[in-house]
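Asks: Contents of run11.tsv (TSV, C-alpha atoms and all ligand atoms) are below:
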chain	number	residue	atom	x	y	z
O	1	MET	CA	73.55	88.56	108.89
O	2	SER	CA	75.99	86.40	106.99
O	3	ALA	CA	79.54	87.73	106.45
O	4	HIS	CA	80.66	89.02	103.10
O	5	VAL	CA	82.93	86.28	101.71
O	6	ILE	CA	85.85	88.00	100.01
O	7	ASN	CA	86.21	86.92	96.40
O	8	GLY	CA	89.92	86.15	96.19
O	9	LYS	CA	89.75	84.88	92.62
O	10	GLU	CA	88.48	88.20	91.30
O	11	ILE	CA	91.09	90.25	93.18
O	12	VAL	CA	93.93	87.94	92.18
O	13	SER	CA	93.03	87.72	88.49
O	14	SER	CA	92.86	91.50	87.99
O	15	TYR	CA	96.14	92.01	89.88
O	16	ARG	CA	97.90	89.24	87.91
O	17	ALA	CA	96.67	90.71	84.60
O	18	GLU	CA	98.42	94.01	85.50
O	19	ILE	CA	101.64	92.16	86.38
O	20	LYS	CA	101.52	90.13	83.15
O	21	GLU	CA	101.20	93.28	81.07
O	22	GLU	CA	104.18	94.90	82.79
O	23	ALA	CA	106.21	91.67	82.49
O	24	HIS	CA	105.57	91.56	78.74
O	25	ALA	CA	106.56	95.21	78.34
O	26	LEU	CA	109.81	94.60	80.24
O	27	THR	CA	110.51	91.45	78.18
O	28	ALA	CA	110.00	93.48	75.00
O	29	ARG	CA	112.67	95.88	76.27
O	30	GLY	CA	115.10	92.95	76.67
O	31	THR	CA	114.63	91.76	80.26
O	32	GLN	CA	112.30	88.82	80.93
O	33	PRO	CA	111.70	88.61	84.69
O	34	GLY	CA	113.02	85.30	86.04
O	35	LEU	CA	112.37	83.40	89.27
O	36	ALA	CA	114.31	80.44	90.64
O	37	VAL	CA	112.53	78.26	93.17
O	38	VAL	CA	114.57	75.81	95.22
O	39	ILE	CA	113.06	72.92	97.13
O	40	VAL	CA	114.95	70.40	99.24
O	41	GLY	CA	113.25	67.12	100.14
O	42	GLU	CA	109.85	65.63	99.51
O	43	ASP	CA	107.42	67.51	101.78
O	44	PRO	CA	104.13	67.03	99.84
O	45	ALA	CA	102.62	70.44	100.76
O	46	SER	CA	105.84	72.22	99.73
O	47	GLN	CA	105.87	70.31	96.42
O	48	VAL	CA	102.37	71.66	95.67
O	49	TYR	CA	103.31	75.25	96.64
O	50	VAL	CA	106.42	75.14	94.46
O	51	ARG	CA	104.49	73.80	91.46
O	52	ASN	CA	101.90	76.57	91.90
O	53	LYS	CA	104.59	79.26	92.10
O	54	ALA	CA	106.37	78.07	88.93
O	55	LYS	CA	103.04	77.75	87.05
O	56	ALA	CA	101.93	81.26	88.08
O	57	CYS	CA	105.27	82.62	86.94
O	58	GLU	CA	104.96	81.07	83.50
O	59	GLU	CA	101.34	82.22	83.15
O	60	ALA	CA	102.50	85.78	83.86
O	61	GLY	CA	105.03	85.55	81.00
O	62	MET	CA	108.03	85.19	83.32
O	63	TYR	CA	110.93	82.77	83.15
O	64	SER	CA	111.02	80.20	85.93
O	65	GLU	CA	113.26	77.35	86.96
O	66	VAL	CA	112.66	74.88	89.75
O	67	HIS	CA	115.60	73.20	91.47
O	68	ARG	CA	114.47	70.01	93.18
O	69	LEU	CA	117.19	68.74	95.49
O	70	PRO	CA	117.19	65.46	97.45
O	71	GLU	CA	116.55	65.44	101.21
O	72	GLN	CA	120.21	64.53	101.94
O	73	THR	CA	121.59	67.61	100.12
O	74	SER	CA	124.25	69.24	102.30
O	75	GLU	CA	124.11	72.87	103.41
O	76	ALA	CA	127.33	73.51	101.44
O	77	GLU	CA	125.74	72.19	98.23
O	78	LEU	CA	122.67	74.35	98.71
O	79	LEU	CA	124.80	77.44	99.42
O	80	GLN	CA	126.78	76.75	96.23
O	81	LEU	CA	123.56	76.62	94.18
O	82	ILE	CA	122.42	79.92	95.70
O	83	ARG	CA	125.75	81.56	94.82
O	84	GLU	CA	125.30	80.36	91.21
O	85	LEU	CA	121.77	81.78	91.09
O	86	ASN	CA	123.00	85.07	92.61
O	87	GLY	CA	125.36	85.38	89.62
O	88	ASN	CA	122.85	84.26	86.97
O	89	PRO	CA	121.58	87.30	85.00
O	90	LYS	CA	118.41	85.42	83.87
O	91	ILE	CA	117.32	85.14	87.51
O	92	HIS	CA	115.93	88.18	89.35
O	93	GLY	CA	114.24	86.41	92.25
O	94	ILE	CA	115.36	83.44	94.36
O	95	LEU	CA	113.03	81.59	96.67
O	96	VAL	CA	114.12	78.69	98.85
O	97	GLN	CA	111.00	76.89	99.98
O	98	SER	CA	110.64	76.55	103.71
O	99	PRO	CA	110.80	74.29	105.72
O	100	LEU	CA	114.27	72.92	104.95
O	101	PRO	CA	115.54	69.58	106.30
O	102	LYS	CA	116.78	69.86	109.90
O	103	HIS	CA	120.49	69.52	109.03
O	104	ILE	CA	120.37	72.78	107.01
O	105	SER	CA	120.31	76.18	108.73
O	106	GLU	CA	117.52	78.29	107.19
O	107	GLU	CA	119.14	81.38	108.64
O	108	ARG	CA	122.47	80.67	106.92
O	109	VAL	CA	120.74	79.89	103.60
O	110	VAL	CA	118.61	83.05	103.63
O	111	GLU	CA	121.69	85.18	104.37
O	112	GLU	CA	123.39	83.79	101.26
O	113	ILE	CA	120.64	85.03	98.92
O	114	ALA	CA	121.60	88.33	97.23
O	115	VAL	CA	119.58	91.07	98.95
O	116	GLU	CA	118.28	92.36	95.59
O	117	LYS	CA	117.06	88.85	94.60
O	118	ASP	CA	115.36	88.08	97.96
O	119	VAL	CA	111.76	88.15	96.69
O	120	ASP	CA	110.48	86.50	99.90
O	121	CYS	CA	111.82	89.37	102.05
O	122	PHE	CA	113.48	86.88	104.41
O	123	HIS	CA	117.01	88.38	104.32
O	124	PRO	CA	117.81	90.29	107.54
O	125	THR	CA	118.70	93.40	105.50
O	126	ASN	CA	115.29	93.42	103.82
O	127	VAL	CA	113.50	92.61	107.09
O	128	GLY	CA	115.31	95.60	108.63
O	129	ASN	CA	114.45	97.88	105.71
O	130	VAL	CA	110.77	96.95	105.91
O	131	THR	CA	110.87	97.54	109.67
O	132	ILE	CA	112.15	101.10	109.28
O	133	GLY	CA	109.92	101.81	106.27
O	134	LYS	CA	112.71	101.88	103.65
O	135	ASP	CA	112.14	100.64	100.13
O	136	ALA	CA	112.39	96.82	100.03
O	137	PRO	CA	110.46	93.86	98.60
O	138	LEU	CA	107.50	93.31	100.88
O	139	PRO	CA	106.95	89.94	102.60
O	140	CYS	CA	104.58	88.03	100.32
O	141	THR	CA	101.78	86.77	102.58
O	142	PRO	CA	101.49	89.89	104.78
O	143	ALA	CA	101.64	92.20	101.76
O	144	GLY	CA	99.00	90.03	100.08
O	145	VAL	CA	96.71	90.44	103.09
O	146	ILE	CA	97.12	94.24	103.00
O	147	GLN	CA	96.34	94.20	99.26
O	148	ILE	CA	93.18	92.17	99.85
O	149	LEU	CA	91.99	94.62	102.53
O	150	LYS	CA	92.72	97.59	100.25
O	151	LYS	CA	91.07	96.08	97.17
O	152	VAL	CA	87.91	95.35	99.18
O	153	GLY	CA	88.00	98.92	100.52
O	154	ILE	CA	88.42	98.02	104.18
O	155	PRO	CA	89.94	100.93	106.13
O	156	ILE	CA	93.01	100.00	108.21
O	157	ALA	CA	94.20	103.30	109.70
O	158	GLY	CA	93.09	103.73	113.32
O	159	LYS	CA	91.54	100.24	113.46
O	160	HIS	CA	92.48	97.66	116.07
O	161	ALA	CA	94.16	94.79	114.23
O	162	VAL	CA	94.88	91.58	116.13
O	163	VAL	CA	97.33	89.08	114.64
O	164	VAL	CA	97.22	85.53	115.99
O	165	GLY	CA	100.63	83.89	115.44
O	166	ARG	CA	104.19	85.24	115.66
O	167	SER	CA	106.12	83.39	112.95
O	168	ASN	CA	108.90	85.12	111.03
O	169	ILE	CA	107.12	84.36	107.73
O	170	VAL	CA	103.68	85.72	108.62
O	171	GLY	CA	102.83	86.85	112.17
O	172	LYS	CA	105.67	89.30	112.86
O	173	PRO	CA	105.83	90.93	109.39
O	174	MET	CA	102.01	91.04	109.29
O	175	ALA	CA	101.97	93.11	112.48
O	176	LEU	CA	104.62	95.39	110.99
O	177	LEU	CA	102.73	96.02	107.73
O	178	LEU	CA	99.48	96.69	109.61
O	179	LEU	CA	101.42	99.19	111.72
O	180	ARG	CA	102.75	100.83	108.55
O	181	GLU	CA	99.09	101.26	107.54
O	182	HIS	CA	98.48	103.02	110.88
O	183	ALA	CA	96.49	100.27	112.62
O	184	THR	CA	96.75	99.75	116.38
O	185	VAL	CA	98.27	96.28	116.49
O	186	THR	CA	98.20	93.47	119.05
O	187	ILE	CA	99.91	90.10	118.58
O	188	CYS	CA	98.55	86.98	120.30
O	189	HIS	CA	100.40	83.68	120.50
O	190	SER	CA	100.47	80.33	122.28
O	191	ARG	CA	101.41	81.91	125.64
O	192	THR	CA	98.68	84.58	125.52
O	193	PRO	CA	96.18	84.01	128.34
O	194	ASN	CA	92.50	84.78	127.66
O	195	MET	CA	93.11	85.09	123.95
O	196	GLU	CA	89.40	85.29	123.21
O	197	GLU	CA	89.12	88.52	125.20
O	198	ILE	CA	91.78	90.12	123.01
O	199	THR	CA	90.66	88.75	119.64
O	200	ARG	CA	87.10	89.91	120.43
O	201	GLN	CA	88.43	93.50	120.44
O	202	ALA	CA	89.71	93.20	116.87
O	203	ASP	CA	88.23	95.21	114.01
O	204	ILE	CA	90.61	93.22	111.78
O	205	LEU	CA	91.60	89.71	112.89
O	206	VAL	CA	94.41	87.97	111.01
O	207	VAL	CA	95.04	84.35	111.94
O	208	ALA	CA	98.29	82.59	111.00
O	209	VAL	CA	98.91	79.71	113.36
O	210	GLY	CA	98.64	76.50	111.34
O	211	LYS	CA	95.98	74.81	113.49
O	212	ALA	CA	92.79	73.80	111.72
O	213	ASN	CA	89.59	75.55	112.85
O	214	MET	CA	91.12	76.99	116.07
O	215	ILE	CA	89.23	80.28	115.79
O	216	GLY	CA	85.46	80.22	116.29
O	217	LYS	CA	82.73	82.77	116.77
O	218	ARG	CA	83.65	83.10	120.46
O	219	HIS	CA	86.85	84.85	119.26
O	220	VAL	CA	85.18	87.29	116.87
O	221	LYS	CA	83.54	90.68	117.43
O	222	PRO	CA	80.31	91.04	115.43
O	223	GLY	CA	81.08	92.72	112.10
O	224	ALA	CA	84.88	92.16	112.30
O	225	VAL	CA	87.04	91.48	109.25
O	226	VAL	CA	88.52	87.98	109.56
O	227	VAL	CA	91.52	87.05	107.42
O	228	ASP	CA	92.49	83.38	107.49
O	229	VAL	CA	96.10	82.70	106.51
O	230	GLY	CA	96.09	79.07	107.64
O	231	ILE	CA	95.95	76.16	105.24
O	232	ASN	CA	95.74	72.77	106.90
O	233	ARG	CA	95.19	69.31	105.46
O	234	LEU	CA	92.56	67.40	107.48
O	235	ASP	CA	92.59	63.61	107.96
O	236	THR	CA	89.71	63.50	105.47
O	237	GLY	CA	92.06	64.99	102.84
O	238	LYS	CA	90.10	68.27	102.75
O	239	LEU	CA	91.80	71.64	103.24
O	240	ALA	CA	90.78	73.84	106.18
O	241	GLY	CA	91.89	77.23	107.42
O	242	ASP	CA	92.75	78.22	111.00
O	243	VAL	CA	89.27	79.74	111.24
O	244	ASP	CA	86.15	77.60	111.57
O	245	PHE	CA	84.50	79.21	108.55
O	246	GLU	CA	80.94	77.95	109.16
O	247	ASP	CA	81.00	78.88	112.85
O	248	VAL	CA	82.25	82.44	112.20
O	249	LEU	CA	80.16	83.15	109.10
O	250	ASP	CA	77.20	84.70	110.94
O	251	THR	CA	79.35	86.83	113.26
O	252	ALA	CA	82.08	88.30	111.02
O	253	GLY	CA	81.45	91.23	108.67
O	254	TYR	CA	83.98	89.98	106.11
O	255	ILE	CA	85.83	86.67	105.85
O	256	THR	CA	88.45	85.22	103.49
O	257	PRO	CA	87.78	81.64	102.32
O	258	VAL	CA	90.36	78.82	102.44
O	259	PRO	CA	91.50	77.80	99.92
O	260	GLY	CA	91.30	80.48	97.26
O	261	CYS	CA	92.15	83.87	98.76
O	262	VAL	CA	95.30	84.51	100.82
O	263	GLY	CA	97.23	81.63	99.17
O	264	PRO	CA	96.87	82.83	95.55
O	265	MET	CA	97.40	86.44	96.70
O	266	THR	CA	100.73	85.43	98.31
O	267	ILE	CA	101.90	84.05	94.97
O	268	THR	CA	100.73	87.23	93.26
O	269	VAL	CA	102.95	89.36	95.53
O	270	LEU	CA	105.83	87.00	94.75
O	271	LEU	CA	105.27	87.72	91.04
O	272	ARG	CA	105.13	91.46	91.77
O	273	ASN	CA	108.41	91.28	93.76
O	274	THR	CA	110.10	89.33	90.94
O	275	LEU	CA	108.90	91.87	88.38
O	276	GLU	CA	110.15	94.80	90.49
O	277	ALA	CA	113.54	93.08	91.01
O	278	ALA	CA	113.79	92.58	87.22
O	279	LYS	CA	112.94	96.24	86.62
O	280	ARG	CA	115.70	97.34	89.03
O	281	ALA	CA	118.20	94.97	87.35
O	282	SER	CA	117.26	96.33	83.92
O	283	GLN	CA	117.67	99.94	85.11
O	284	ALA	CA	121.04	99.12	86.65
O	285	GLU	CA	122.18	97.57	83.37
O	286	THR	CA	121.01	100.61	81.37
O	287	ALA	CA	122.88	102.89	83.80
O	288	VAL	CA	126.10	100.87	83.30
O	289	LYS	CA	125.79	101.09	79.49
O	290	ALA	CA	125.08	104.85	79.52
O	301	LIG	N1	106.88	78.16	103.19
O	301	LIG	C1	105.65	78.57	103.55
O	301	LIG	N2	105.41	79.81	103.09
O	301	LIG	C2	106.53	80.20	102.43
O	301	LIG	C3	106.89	81.40	101.73
O	301	LIG	O1	106.14	82.36	101.64
O	301	LIG	N3	108.14	81.39	101.19
O	301	LIG	C4	108.98	80.35	101.31
O	301	LIG	N4	110.20	80.46	100.76
O	301	LIG	N5	108.69	79.23	101.95
O	301	LIG	C5	107.45	79.17	102.50
As structure tokens, please, write out the structure in this file.
Replies:
Amino acid sequence: MSAHVINGKEIVSSYRAEIKEEAHALTARGTQPGLAVVIVGEDPASQVYVRNKAKACEEAGMYSEVHRLPEQTSEAELLQLIRELNGNPKIHGILVQSPLPKHISEERVVEEIAVEKDVDCFHPTNVGNVTIGKDAPLPCTPAGVIQILKKVGIPIAGKHAVVVGRSNIVGKPMALLLLREHATVTICHSRTPNMEEITRQADILVVAVGKANMIGKRHVKPGAVVVDVGINRLDTGKLAGDVDFEDVLDTAGYITPVPGCVGPMTITVLLRNTLEAAKRASQAETAVKA
């Protein structure tokens, strides 16, 4: 039996339509949600991501500005820009595209972003709030994966979820959000021996490593849900996920395609986080006036 290929386009377009409607309603009440995206350097993949984020923002009726800074920008200059954006009332979300050039500390930069404008959920305060289950913007890619599972109607509670990868952007927060949904969670990484034995126990397998086609059918339990977060550019110029799609297709029960599922859903959560930040700013302003 061939796996059900999850239709990301359908899920994303209905979710974005909801966000657009809410954004218009908020704009009509005097607050247009606004996102600032900052990119330092010329990394070609990052340039594409940033363009896509700004475009999605505009399509959803939001205000967006992109700050493209040269590779040699100093940390002090970047921190100054962030402080300006923190104080700019048109901006409700700030995203600094990762990776940054080596001479800039990502940790320092993320800490400078106002907690209420941290739509990536990278700030330690927001990471902590998500960890203890307090209200906070949710990390975009992991929250997008949870949304996909929910929209398809895949139960998470009580299931064994295995996450491959332990990055701060995806692996760790992914495990946390699956735990919040009451899954039993295991994390595998580069030092995990016999990884196949563990991944083969997964009802839900989420892969976020950044290595093209590293997961094959030998890693997958028949009928499992396979979510591929990876997006890798092959020498041929084609894009490939971390999962060997063709190899896994006859074993998995569900599979997300690359490109066209987790990537666009990540941007959709970013829009949602920006909208929610704008709503909170608008409420705070109304409270001050009252
Ligand atoms: N680089 C890769 N993914 C992301 C993301 O979700 N946010 C930011 N800021 N940078 C990234």
Asks: Could you list, as a list in words, all the residues within 7 Å of ligand LIG 301 (chain O), counting only C-alpha atoms and all ligand atoms?
Replies: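 So, counting only C-alpha atoms and all ligand atoms, the residues near ligand LIG 301 (chain O) are Ser46, Leu95, Val96, Gln97, Ser98, Pro99, Asp120, Cys140, Thr141 and Ile169 of chain O.
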Asks: Any chance you could tabulate, as a Markdown table, the residues of stretch 114-180 of chain O at most 12 Å from stretch 253-264 of chain O with each one's nearest atom pair and distance in Å to one decimal, using only C-alpha atoms, in chain and rising number order?
Replies:
| residue | atom | partner | partner_atom | distance |
| --- | --- | --- | --- | --- |
| O:Cys140 | CA | O:Gly263 | CA | 9.8 |
| O:Thr141 | CA | O:Val262 | CA | 7.1 |
| O:Pro142 | CA | O:Val262 | CA | 9.1 |
| O:Ala143 | CA | O:Val262 | CA | 10.0 |
| O:Gly144 | CA | O:Val262 | CA | 6.7 |
| O:Val145 | CA | O:Val262 | CA | 6.5 |
| O:Ile146 | CA | O:Val262 | CA | 10.1 |
| O:Gln147 | CA | O:Val262 | CA | 9.9 |
| O:Ile148 | CA | O:Val262 | CA | 8.0 |
| O:Leu149 | CA | O:Tyr254 | CA | 9.9 |
| O:Val152 | CA | O:Tyr254 | CA | 9.6 |
| O:Gly153 | CA | O:Tyr254 | CA | 11.3 |
| O:Ile154 | CA | O:Tyr254 | CA | 9.4 |
| O:Val170 | CA | O:Val262 | CA | 11.5 |
Asks: At a cut-off of 7 Å, using only C-alpha atoms, what residues contact stretch 222-231 of chain O? Leave out same-chain residues fewer than 2 positions from it and give the result as a VMD selection string.
Replies: chain O and resid 202 to 210 220 233 239 to 243 251 to 256 258 262
Asks: Calculated over all atoms listed in the file, which of the candidates O:Ala157, O:Cys121, O:Val38, O:Leu78 has the smallest distance to O:Pro137?
Replies: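 That would be O:Cys121, the residue with the smallest distance to O:Pro137.
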Asks: Can you measure atom CA of O:Thr131 to atom CA of O:Glu181 for me? One decimal in Å is fine.
Replies: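 Those two atoms sit 12.5 Å apart.
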Asks: What separation in Å, quoted to one decimal, exists between atom CA of O:Arg108 and atom CA of O:Met174?
Replies: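 Atom CA of O:Met174 lies at a distance of 23.1 Å from atom CA of O:Arg108.
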